[in-house]
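Engineer: What follows is the file structure-v5.cif, containing mmCIF, C-alpha atoms and all ligand atoms:
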```
data_upload
loop_
_atom_site.label_atom_id
_atom_site.label_comp_id
_atom_site.auth_asym_id
_atom_site.auth_seq_id
_atom_site.Cartn_x
_atom_site.Cartn_y
_atom_site.Cartn_z
CA MET A 1 152.75 181.18 -73.90
CA GLU A 2 151.57 183.07 -76.96
CA THR A 3 151.48 181.31 -80.30
CA VAL A 4 153.65 182.63 -83.12
CA LEU A 5 153.52 181.43 -86.70
CA SER A 6 155.54 182.27 -89.77
CA GLY A 7 156.45 180.70 -93.05
CA ALA A 8 158.27 181.22 -96.31
CA ARG A 9 157.76 180.03 -99.85
CA PRO A 10 160.42 177.63 -101.15
CA THR A 11 161.02 179.52 -104.36
CA GLY A 12 164.78 179.93 -104.49
CA LEU A 13 167.98 180.39 -102.56
CA VAL A 14 167.93 182.17 -99.21
CA HIS A 15 169.79 185.51 -99.12
CA LEU A 16 171.03 187.83 -96.40
CA GLY A 17 167.78 189.82 -96.57
CA ASN A 18 165.76 186.73 -95.70
CA TYR A 19 168.21 185.96 -92.93
CA PHE A 20 168.27 189.36 -91.21
CA GLY A 21 164.65 190.17 -92.05
CA ALA A 22 163.09 186.88 -91.04
CA ILE A 23 165.10 183.81 -90.02
CA ARG A 24 167.18 185.55 -87.35
CA ASN A 25 163.96 186.57 -85.61
CA PHE A 26 162.59 183.03 -85.83
CA VAL A 27 165.62 181.88 -83.87
CA ARG A 28 165.34 184.66 -81.27
CA MET A 29 161.65 183.96 -80.69
CA GLN A 30 161.78 180.22 -80.24
CA ASP A 31 162.75 180.48 -76.56
CA SER A 32 159.93 182.73 -75.45
CA TYR A 33 156.94 181.77 -77.61
CA ASN A 34 155.06 178.70 -78.78
CA CYS A 35 156.46 178.88 -82.32
CA TYR A 36 155.31 177.25 -85.53
CA TYR A 37 157.52 177.72 -88.59
CA PHE A 38 156.64 176.13 -91.88
CA ILE A 39 157.55 175.83 -95.54
CA ALA A 40 154.73 177.11 -97.74
CA ASP A 41 155.07 174.62 -100.58
CA TYR A 42 151.42 174.94 -101.70
CA HIS A 43 151.86 178.69 -101.93
CA SER A 44 154.89 178.34 -104.16
CA LEU A 45 152.80 176.40 -106.69
CA THR A 46 150.81 179.55 -107.42
CA THR A 47 153.81 180.96 -109.31
CA HIS A 48 156.59 178.33 -109.28
CA PRO A 49 155.08 174.97 -110.32
CA GLU A 50 158.24 173.20 -111.50
CA ALA A 51 158.51 169.86 -109.63
CA LYS A 52 162.27 169.40 -109.58
CA ALA A 53 162.99 172.91 -108.35
CA LEU A 54 160.27 172.65 -105.69
CA ASN A 55 161.72 169.43 -104.34
CA GLU A 56 165.21 170.86 -104.08
CA ASN A 57 164.05 174.22 -102.70
CA VAL A 58 162.03 172.63 -99.90
CA LYS A 59 165.00 170.56 -98.73
CA ASN A 60 167.36 173.48 -99.07
CA LEU A 61 165.10 175.78 -97.04
CA LEU A 62 164.75 173.17 -94.32
CA ALA A 63 168.52 172.73 -94.14
CA THR A 64 168.87 176.52 -94.07
CA TYR A 65 166.47 176.95 -91.14
CA LEU A 66 168.43 174.37 -89.16
CA ALA A 67 171.79 175.84 -90.16
CA CYS A 68 170.64 179.27 -88.98
CA GLY A 69 169.66 177.91 -85.58
CA VAL A 70 165.96 177.06 -85.72
CA ASP A 71 165.71 174.26 -83.17
CA PRO A 72 163.01 171.65 -83.88
CA GLU A 73 162.97 170.78 -80.18
CA LYS A 74 161.88 174.31 -79.35
CA ALA A 75 159.80 175.29 -82.41
CA THR A 76 157.48 173.14 -84.51
CA LEU A 77 159.01 173.03 -87.98
CA TYR A 78 156.95 171.48 -90.76
CA ILE A 79 156.01 171.41 -94.42
CA GLN A 80 152.58 172.86 -95.27
CA SER A 81 151.53 169.93 -97.48
CA HIS A 82 152.21 167.48 -94.64
CA VAL A 83 149.25 168.87 -92.75
CA PRO A 84 146.02 167.88 -94.56
CA GLU A 85 143.92 169.86 -92.08
CA ILE A 86 145.23 173.00 -93.81
CA PRO A 87 143.62 172.34 -97.23
CA GLU A 88 140.43 171.26 -95.47
CA LEU A 89 140.10 174.50 -93.51
CA TYR A 90 141.15 176.35 -96.67
CA LEU A 91 138.10 174.91 -98.45
CA LEU A 92 135.84 176.19 -95.69
CA PHE A 93 137.54 179.60 -95.65
CA ASN A 94 137.03 179.96 -99.39
CA MET A 95 133.37 180.43 -98.55
CA LEU A 96 134.26 183.18 -96.06
CA ALA A 97 136.32 185.17 -98.54
CA TYR A 98 134.71 187.52 -101.07
CA LYS A 99 135.71 187.49 -104.72
CA GLY A 100 135.89 191.30 -104.76
CA GLU A 101 138.28 191.65 -101.84
CA LEU A 102 140.57 188.98 -103.29
CA GLU A 103 140.71 190.77 -106.63
CA LYS A 104 141.45 194.07 -104.90
CA CYS A 105 144.33 192.70 -102.81
CA PRO A 106 147.49 194.67 -103.74
CA THR A 107 149.76 191.61 -103.63
CA PHE A 108 147.40 189.81 -106.05
CA LYS A 109 147.47 192.74 -108.47
CA GLU A 110 151.24 192.89 -108.23
CA LYS A 111 151.60 189.17 -108.88
CA VAL A 112 149.20 189.33 -111.82
CA ARG A 113 151.41 192.02 -113.32
CA SER A 114 154.59 190.02 -112.90
CA GLN A 115 153.00 186.79 -114.19
CA GLN A 116 151.74 188.65 -117.25
CA LYS A 117 155.13 190.27 -117.78
CA ALA A 118 156.73 186.81 -117.70
CA LYS A 119 153.97 185.55 -120.06
CA LYS A 120 152.79 183.08 -117.45
CA THR A 121 149.21 182.07 -116.66
CA ILE A 122 147.29 183.34 -113.63
CA ASN A 123 145.74 180.44 -111.77
CA ALA A 124 142.87 180.52 -109.29
CA GLY A 125 145.29 179.60 -106.48
CA LEU A 126 146.93 182.98 -106.91
CA LEU A 127 143.60 184.70 -106.30
CA THR A 128 142.92 182.69 -103.16
CA TYR A 129 146.53 182.95 -101.91
CA PRO A 130 145.46 185.16 -98.96
CA VAL A 131 142.80 182.62 -97.96
CA LEU A 132 145.40 179.88 -97.68
CA MET A 133 147.72 182.22 -95.81
CA GLY A 134 144.93 183.12 -93.37
CA VAL A 135 144.42 179.41 -92.79
CA ASP A 136 148.15 178.85 -92.22
CA ILE A 137 147.95 181.32 -89.36
CA LEU A 138 144.55 180.51 -87.92
CA ILE A 139 144.93 176.73 -88.07
CA HIS A 140 147.05 177.12 -84.91
CA ARG A 141 145.04 180.11 -83.74
CA ALA A 142 148.25 182.11 -83.79
CA ALA A 143 148.02 185.74 -82.72
CA LYS A 144 151.49 186.90 -83.73
CA VAL A 145 153.01 186.65 -87.19
CA PRO A 146 156.58 187.83 -87.76
CA VAL A 147 156.65 188.99 -91.40
CA GLY A 148 157.90 191.87 -93.49
CA LYS A 149 155.88 194.93 -94.39
CA ASP A 150 154.96 193.50 -97.80
CA GLN A 151 152.72 190.96 -96.04
CA MET A 152 150.46 193.50 -94.29
CA PRO A 153 147.55 193.21 -96.76
CA HIS A 154 147.51 189.44 -96.19
CA LEU A 155 147.40 189.89 -92.44
CA GLU A 156 144.55 192.32 -92.69
CA MET A 157 142.62 189.75 -94.70
CA ALA A 158 143.42 187.04 -92.16
CA ARG A 159 141.92 189.29 -89.47
CA ASN A 160 138.82 189.77 -91.60
CA PHE A 161 138.36 186.04 -92.08
CA ALA A 162 138.75 185.49 -88.33
CA LYS A 163 136.23 188.23 -87.56
CA ARG A 164 133.73 186.92 -90.10
CA PHE A 165 133.99 183.39 -88.83
CA ASN A 166 133.52 184.56 -85.24
CA PHE A 167 130.56 186.72 -86.22
CA ASN A 168 128.88 183.95 -88.21
CA THR A 169 129.31 181.42 -85.44
CA LYS A 170 128.68 183.85 -82.55
CA SER A 171 131.97 182.79 -81.07
CA GLU A 172 135.44 184.10 -80.32
CA PHE A 173 137.03 181.04 -81.78
CA PHE A 174 139.78 182.69 -83.81
CA PRO A 175 142.12 185.43 -82.57
CA GLU A 176 142.78 188.41 -84.84
CA PRO A 177 146.41 187.90 -85.83
CA GLU A 178 148.84 190.82 -85.87
CA ALA A 179 152.13 191.33 -87.65
CA PHE A 180 154.88 191.13 -85.14
CA ASN A 181 158.29 192.64 -85.05
CA PHE A 182 160.80 191.26 -82.63
CA GLY A 183 163.11 193.84 -81.10
CA GLN A 184 164.23 196.91 -82.98
CA GLU A 185 162.62 198.42 -86.06
CA LEU A 186 162.23 196.33 -89.21
CA VAL A 187 165.48 195.78 -91.07
CA LYS A 188 165.75 196.27 -94.77
CA VAL A 189 168.83 194.67 -96.23
CA PRO A 190 169.82 196.63 -99.35
CA SER A 191 170.92 195.10 -102.63
CA LEU A 192 174.55 195.47 -103.74
CA ASP A 193 173.68 197.44 -106.87
CA ALA A 194 171.54 200.14 -105.24
CA SER A 195 168.39 198.72 -106.83
CA GLY A 196 166.33 198.65 -103.62
CA LYS A 197 166.12 195.71 -101.23
CA MET A 198 168.10 192.52 -101.61
CA SER A 199 165.76 190.08 -103.35
CA LYS A 200 165.90 186.65 -104.93
CA SER A 201 163.88 187.85 -107.91
CA ALA A 202 166.39 190.56 -108.84
CA THR A 203 167.61 190.49 -112.43
CA ASN A 204 171.23 191.23 -111.55
CA PRO A 205 172.71 188.00 -110.10
CA ASN A 206 175.40 190.04 -108.29
CA SER A 207 172.91 192.11 -106.31
CA ALA A 208 172.19 189.53 -103.60
CA ILE A 209 174.44 187.46 -101.34
CA TYR A 210 173.09 183.98 -100.76
CA LEU A 211 173.78 181.96 -97.64
CA SER A 212 175.04 179.23 -99.97
CA ASP A 213 177.56 181.47 -101.79
CA GLU A 214 181.18 180.29 -101.75
CA ASP A 215 183.84 182.65 -100.34
CA LYS A 216 185.12 183.62 -103.77
CA VAL A 217 181.63 184.45 -105.00
CA ILE A 218 180.94 186.65 -101.98
CA THR A 219 184.22 188.50 -102.43
CA LYS A 220 183.51 189.03 -106.11
CA LYS A 221 180.01 190.34 -105.48
CA VAL A 222 181.14 192.74 -102.77
CA LYS A 223 183.96 194.03 -104.99
CA LYS A 224 181.43 194.78 -107.71
CA ALA A 225 179.08 196.63 -105.38
CA LYS A 226 178.17 200.07 -106.63
CA THR A 227 180.10 203.06 -105.22
CA ASP A 228 180.63 206.66 -106.32
CA SER A 229 183.78 208.72 -106.87
CA GLY A 230 184.10 209.55 -103.17
CA PRO A 231 183.22 212.45 -100.87
CA THR A 232 184.48 215.87 -101.88
CA GLU A 233 183.81 217.77 -98.64
CA PRO A 234 183.86 216.76 -94.97
CA ASN A 235 180.71 215.32 -93.37
CA GLN A 236 178.90 215.14 -96.65
CA GLU A 237 175.64 213.21 -96.76
CA LYS A 238 176.13 209.69 -98.13
CA PRO A 239 174.45 208.82 -101.42
CA GLU A 240 172.24 205.70 -101.41
CA GLU A 241 174.82 203.28 -102.78
CA ILE A 242 177.34 204.29 -100.11
CA GLU A 243 174.77 204.22 -97.32
CA ASN A 244 173.96 200.68 -98.51
CA ILE A 245 177.56 199.54 -98.10
CA PHE A 246 177.55 200.98 -94.57
CA ASP A 247 174.23 199.27 -93.84
CA LEU A 248 175.62 195.92 -94.98
CA MET A 249 178.74 196.50 -92.92
CA ARG A 250 176.63 197.19 -89.80
CA LEU A 251 175.11 193.73 -90.16
CA VAL A 252 178.33 191.73 -90.26
CA SER A 253 181.24 193.88 -89.05
CA THR A 254 182.22 195.15 -85.61
CA GLU A 255 181.20 198.60 -84.44
CA ASP A 256 184.86 199.69 -84.48
CA THR A 257 185.19 198.73 -88.13
CA VAL A 258 182.06 200.65 -89.09
CA ASN A 259 183.20 203.70 -87.10
CA HIS A 260 186.61 203.58 -88.72
CA PHE A 261 185.17 203.82 -92.23
CA ASP A 262 182.56 206.33 -91.16
CA GLU A 263 185.29 208.65 -89.91
CA ALA A 264 187.29 208.08 -93.07
CA TYR A 265 184.23 209.02 -95.11
CA ASN A 266 183.63 212.12 -93.06
CA ASN A 267 187.20 213.36 -93.42
CA CYS A 268 187.35 212.39 -97.09
CA THR A 269 190.18 209.88 -96.73
CA ILE A 270 188.00 206.85 -97.42
CA ARG A 271 189.19 204.30 -99.97
CA TYR A 272 186.24 202.27 -101.12
CA GLY A 273 188.56 199.45 -102.22
CA ASP A 274 189.71 199.02 -98.61
CA MET A 275 186.19 199.25 -97.28
CA LYS A 276 184.92 196.61 -99.68
CA LYS A 277 187.86 194.36 -98.89
CA GLN A 278 187.00 194.55 -95.19
CA LEU A 279 183.30 194.06 -95.88
CA ALA A 280 184.03 191.01 -98.05
CA GLU A 281 186.19 189.50 -95.30
CA ASP A 282 183.54 190.04 -92.63
CA MET A 283 180.78 188.82 -94.91
CA VAL A 284 182.72 185.64 -95.67
CA ALA A 285 183.38 185.08 -91.95
CA PHE A 286 179.67 185.44 -91.30
CA VAL A 287 178.32 183.36 -94.19
CA ALA A 288 180.90 180.53 -94.42
CA PRO A 289 179.93 178.65 -91.23
CA ILE A 290 176.22 178.89 -92.09
CA ARG A 291 176.92 177.70 -95.63
CA GLU A 292 178.89 174.71 -94.39
CA ARG A 293 176.11 173.79 -91.95
CA ILE A 294 173.52 174.07 -94.75
CA LYS A 295 175.59 171.64 -96.82
CA SER A 296 175.88 169.12 -94.05
CA TYR A 297 172.16 169.24 -93.12
CA ARG A 298 171.22 169.11 -96.80
CA GLN A 299 173.18 165.89 -97.25
CA ASP A 300 171.53 164.24 -94.28
CA GLU A 301 168.17 163.47 -95.84
CA ALA A 302 167.35 160.88 -93.19
CA LEU A 303 167.64 163.55 -90.50
CA LEU A 304 165.57 166.05 -92.49
CA ALA A 305 162.88 163.43 -93.11
CA LYS A 306 162.72 162.44 -89.45
CA MET A 307 162.55 166.03 -88.35
CA VAL A 308 159.68 167.06 -90.62
CA LYS A 309 157.79 163.91 -89.70
CA GLN A 310 157.95 164.93 -86.04
CA GLY A 311 157.07 168.49 -86.97
CA ALA A 312 154.04 167.34 -88.98
CA GLU A 313 152.80 165.26 -86.06
CA LYS A 314 152.96 168.21 -83.68
CA ALA A 315 151.43 170.57 -86.25
CA ARG A 316 148.62 168.14 -87.06
CA ALA A 317 147.68 167.74 -83.40
CA SER A 318 147.15 171.48 -83.11
CA ALA A 319 145.58 171.78 -86.58
CA SER A 320 143.05 169.01 -86.13
CA ALA A 321 141.85 170.45 -82.82
CA THR A 322 141.20 173.77 -84.58
CA LEU A 323 139.54 172.17 -87.59
CA GLN A 324 137.21 170.07 -85.45
CA GLY A 325 136.30 173.04 -83.30
CA ALA A 326 135.57 175.17 -86.37
CA LYS A 327 133.42 172.49 -88.03
CA GLU A 328 131.49 171.96 -84.87
CA LEU A 329 130.72 175.68 -84.60
CA MET A 330 129.61 175.65 -88.24
CA GLY A 331 127.14 172.87 -87.49
CA MET A 332 129.11 170.27 -89.36
CA ARG A 333 129.19 167.58 -86.71
CA TYR A 334 126.14 165.72 -87.85
CA PHE A 335 126.01 162.55 -85.77
P1 LIG A 401 162.22 187.79 -101.75
O1 LIG A 401 161.78 189.23 -101.74
O2 LIG A 401 163.69 187.67 -101.90
O3 LIG A 401 161.43 186.95 -102.73
P2 LIG A 401 160.50 186.66 -99.75
O4 LIG A 401 159.37 187.50 -100.25
O5 LIG A 401 160.43 185.18 -99.95
O6 LIG A 401 161.89 187.22 -100.30
O7 LIG A 401 160.66 186.96 -98.19
C1 LIG A 401 160.85 186.02 -97.17
C2 LIG A 401 161.07 186.78 -95.87
O8 LIG A 401 162.30 187.54 -95.91
C3 LIG A 401 159.97 187.81 -95.57
O9 LIG A 401 159.65 187.79 -94.19
C4 LIG A 401 160.58 189.15 -95.96
O10 LIG A 401 160.05 190.23 -95.23
C5 LIG A 401 162.07 188.92 -95.66
N1 LIG A 401 162.94 189.71 -96.58
C6 LIG A 401 163.10 189.50 -97.91
N2 LIG A 401 164.00 190.37 -98.44
C7 LIG A 401 164.41 191.18 -97.41
C8 LIG A 401 165.36 192.26 -97.31
N3 LIG A 401 166.07 192.67 -98.36
N4 LIG A 401 165.52 192.84 -96.10
C9 LIG A 401 164.84 192.41 -95.01
N5 LIG A 401 163.94 191.39 -95.04
C10 LIG A 401 163.73 190.76 -96.21
N1 LIG A 402 153.15 184.98 -98.11
C1 LIG A 402 154.38 184.79 -97.37
C2 LIG A 402 155.57 185.35 -98.21
O1 LIG A 402 155.43 185.52 -99.41
C3 LIG A 402 154.62 183.32 -97.08
C4 LIG A 402 153.56 182.78 -96.18
C5 LIG A 402 152.58 181.87 -96.52
C6 LIG A 402 153.35 183.11 -94.81
N2 LIG A 402 151.78 181.61 -95.45
C7 LIG A 402 152.22 182.35 -94.40
C8 LIG A 402 154.00 183.97 -93.93
C9 LIG A 402 151.73 182.47 -93.09
C10 LIG A 402 153.51 184.06 -92.61
C11 LIG A 402 152.39 183.33 -92.21
O2 LIG A 402 156.63 185.60 -97.65
#
```
Go through the file and emit its structure as structure tokens.
Ligand code: ADP
Ligand code: TRP
Structural biologist:
Amino acid sequence: METVLSGARPTGLVHLGNYFGAIRNFVRMQDSYNCYYFIADYHSLTTHPEAKALNENVKNLLATYLACGVDPEKATLYIQSHVPEIPELYLLFNMLAYKGELEKCPTFKEKVRSQQKAKKTINAGLLTYPVLMGVDILIHRAAKVPVGKDQMPHLEMARNFAKRFNFNTKSEFFPEPEAFNFGQELVKVPSLDASGKMSKSATNPNSAIYLSDEDKVITKKVKKAKTDSGPTEPNQEKPEEIENIFDLMRLVSTEDTVNHFDEAYNNCTIRYGDMKKQLAEDMVAFVAPIRERIKSYRQDEALLAKMVKQGAEKARASASATLQGAKELMGMRYF
């Protein structure tokens, strides 16, 4: 079975974009691949160093994975900092990575800009972020990495590190990992205010729906979603904000419901109030059970602790085999 690895930074609440873009695929893949899913707590320290928030976010993300259906019996679910082989291989990989390529990395440049904008410092960990990410993947010699498009530069760097290591050690020790998309084309869940994709770093708090939102909050956010004054001629092309509402509806409503409003749009009888009311209802029906499961897992700290302990054991077994193999190839087994 092929090895799949993916992770997310515990930097805030999980929204519908994270669910449909990432977590749903984690769940679908766990039956047919050897899956490792982890919480990138070290990575979050590069931009989000606050201890209390980190602690809460890690537990919340764990509870969210479980609530969405990630099954720790099928996939190995762990916290990055529970696997000390990762920082050890990271140290070795820092000597494989070039300063110039790290400085050129588009995600680094982007993060530098946003740190500067927020008047925050830029630490060395931010520069070597792609090295740590390469290690996350290669520590299990994973070949497939389900991530969004924004992560492509990091994957390309991971492939370079793998190639360099193999070249230096005249081996084929590491695979060259590829981004992986399960099923249909990549989904982009739009924000509710037509400001691009749904994102936890958006400035408008009403633009994203979180899996932990209460029913009333969801209904309020959907009601406030941006619309226009309505179509003026039949079969008119939909402006972005209207297309977004349809896109969101396609995720949570039945096909009949979507078709009904599509027809109404096309013959100019659509009432956005009705459409949003239906969308809010379907969104609530979708989110509420997940939210309640998140709450119950979140309260059961003993269960969460036991689960990540088991996950760390499984992850460490695989990680230490890789680390030992790599050190041996590098000539580091001395006696
Ligand atoms: P955010 O942009 O909200 O900070 P992250 O960068 O932490 O989210 O992304 C975590 C995962 O969720 C990634 O795999 C990313 O591709 C996916 N993701 C985030 N937002 C969306 C969205 N609006 N639509 C689809 N996938 C998304
Ligand atoms: N950089 C990823 C993000 O921002 C998180 C991440 C860290 C990751 N290490 C990884 C994703 C390894 C996949 C594989 O979303």
Engineer: What gap, in Å, lies between atom CA of Ser229 of chain A and atom CA of Asn204 of chain A?
Structural biologist: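 It comes out at 22.0 Å.
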Engineer: Produce the centre coordinates and the three edge lengths, each in Å to one decimal, of the box along x, y and z that contains all listed atoms of ligand LIG 401 (chain A) with 6 Å added on each side, as AutoDock Vina command-line options.
Structural biologist:
```
--center_x 162.7 --center_y 189.0 --center_z -98.5 --size_x 18.7 --size_y 19.7 --size_z 20.5
```
Engineer: What is the distance between atom C8 of ligand LIG 401 (chain A) and atom CA of Thr227 of chain A, in Å to one decimal?
Structural biologist: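 Computed distance, atom C8 of ligand LIG 401 (chain A) to atom CA of Thr227 of chain A, equals 19.9 Å.
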Engineer: Just want the residues within 10 Å of ligand LIG 401 (chain A), written as a PyMOL selection string, counting only C-alpha atoms and all ligand atoms.
Structural biologist: chain A and resi 6-23+25+44+145-151+186-191+196-202+208
Engineer: Can you tell me which residues surround Phe174 of chain A at a distance of at most 7 Å, considering only C-alpha atoms, apart from same-chain residues fewer than 4 positions away, and format the answer as a ChimeraX atom specification?
Structural biologist: /A:138,141,162,166
Engineer: Can you measure atom CA of Arg271 of chain A to atom CA of Ser212 of chain A for me? One decimal in Å is fine.
Structural biologist: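 Computed distance, atom CA of Arg271 of chain A to atom CA of Ser212 of chain A, equals 28.8 Å.
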Engineer: Between A:Asp193, A:Met249, A:Ser320, A:Gly331, which residue has the minimum interatomic distance to Phe286 of chain A, considering all atoms listed in the file?
Structural biologist: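 For Phe286 of chain A, the nearest of the given residues is A:Met249.
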Engineer: Skipping near chain neighbours, those fewer than 5 positions away, what residues fall within 9 Å of Glu2 of chain A using only C-alpha atoms, listed as a list in words?
Structural biologist: Ser32, Tyr33, Asn34, Cys35, Ala142, Ala143 and Lys144 of chain A
Engineer: Include C-alpha atoms and write out the residues we just selected as an mmCIF file, keeping the file's coordinate frame.
Structural biologist:
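The file below, part_36.cif, is the result:
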```cif
data_model
loop_
_atom_site.group_PDB
_atom_site.id
_atom_site.type_symbol
_atom_site.label_atom_id
_atom_site.label_comp_id
_atom_site.auth_asym_id
_atom_site.auth_seq_id
_atom_site.Cartn_x
_atom_site.Cartn_y
_atom_site.Cartn_z
ATOM 1 C CA SER A 32 159.930 182.730 -75.450
ATOM 2 C CA TYR A 33 156.940 181.770 -77.610
ATOM 3 C CA ASN A 34 155.060 178.700 -78.780
ATOM 4 C CA CYS A 35 156.460 178.880 -82.320
ATOM 5 C CA ALA A 142 148.250 182.110 -83.790
ATOM 6 C CA ALA A 143 148.020 185.740 -82.720
ATOM 7 C CA LYS A 144 151.490 186.900 -83.730
#
```
Engineer: Skipping near chain neighbours, those fewer than 3 positions away, what residues fall within 9 Å of segment 102-110 of chain A using all atoms listed in the file, listed as a PyMOL selection string?
Structural biologist: chain A and resi 97-99+113-115+126-131+150-151+153-154+157
Engineer: Deliver the residues from the most recent selection as a file, using C-alpha atoms, as a PDB file, in the frame of the given file.
Structural biologist:
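The result, stored in selection_19.pdb:
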```pdb
ATOM      1  CA  ALA A  97     136.320 185.170 -98.540  1.00  0.00           C
ATOM      2  CA  TYR A  98     134.710 187.520-101.070  1.00  0.00           C
ATOM      3  CA  LYS A  99     135.710 187.490-104.720  1.00  0.00           C
ATOM      4  CA  ARG A 113     151.410 192.020-113.320  1.00  0.00           C
ATOM      5  CA  SER A 114     154.590 190.020-112.900  1.00  0.00           C
ATOM      6  CA  GLN A 115     153.000 186.790-114.190  1.00  0.00           C
ATOM      7  CA  LEU A 126     146.930 182.980-106.910  1.00  0.00           C
ATOM      8  CA  LEU A 127     143.600 184.700-106.300  1.00  0.00           C
ATOM      9  CA  THR A 128     142.920 182.690-103.160  1.00  0.00           C
ATOM     10  CA  TYR A 129     146.530 182.950-101.910  1.00  0.00           C
ATOM     11  CA  PRO A 130     145.460 185.160 -98.960  1.00  0.00           C
ATOM     12  CA  VAL A 131     142.800 182.620 -97.960  1.00  0.00           C
ATOM     13  CA  ASP A 150     154.960 193.500 -97.800  1.00  0.00           C
ATOM     14  CA  GLN A 151     152.720 190.960 -96.040  1.00  0.00           C
ATOM     15  CA  PRO A 153     147.550 193.210 -96.760  1.00  0.00           C
ATOM     16  CA  HIS A 154     147.510 189.440 -96.190  1.00  0.00           C
ATOM     17  CA  MET A 157     142.620 189.750 -94.700  1.00  0.00           C
TER      18      MET A 157
END
```
Engineer: Which residues are close to Ala63 of chain A, i.e. within 8 Å by all atoms listed in the file, leaving aside same-chain residues fewer than 4 positions away? Reply as a list of chain:residue names.
Structural biologist: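 The contact residues come out as A:Lys59, A:Ala67, A:Arg293, A:Ile294, A:Lys295, A:Tyr297, A:Arg298, A:Leu304.
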Engineer: Given all atoms listed in the file as the basis, pick out the residue of A:Ser81, A:Thr169, A:Gln116, A:Asn267 nearest to ligand LIG 402 (chain A).
Structural biologist: A:Ser81
Engineer: Which polymer residues have any atom within 10 Å of an atom of Glu214 of chain A, counting only C-alpha atoms, with same-chain residues fewer than 4 positions away left out, as number ranges by chain?
Structural biologist: A: 209-210, 218-219, 284, 287-288, 291-292
Engineer: So, counting all atoms listed in the file, which residue among A:Gln310, A:Gln278, A:Asn60, A:Gln80 is closest to ligand LIG 402 (chain A)?
Structural biologist: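 Once distances to ligand LIG 402 (chain A) are computed over all atoms listed in the file, the minimum belongs to A:Gln80.
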Engineer: Give the answer as one residue: which of A:Val112, A:Ala194, A:Ala326, A:Val27 has the shortest atom-to-atom distance to Glu241 of chain A, using all atoms listed in the file?
Structural biologist: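 Answer, going by the shortest atom-to-atom distance: A:Ala194.
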Engineer: Of the candidates A:Ile270, A:Ala179, A:Leu211, A:Met133, which shows the shortest atom-to-atom distance to Asn94 of chain A, using only C-alpha atoms?
Structural biologist: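 Of A:Ile270, A:Ala179, A:Leu211, A:Met133, the one nearest Asn94 of chain A, counting only C-alpha atoms, is A:Met133.
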Engineer: Counting only C-alpha atoms, which residues sit no farther than 7 Å from the position (175.4, 198.0, -109.0) in the file's frame? I'd like them as a list of chain:residue names.
Structural biologist: A:Leu192, A:Asp193, A:Ala194, A:Ser207, A:Lys224, A:Ala225, A:Lys226
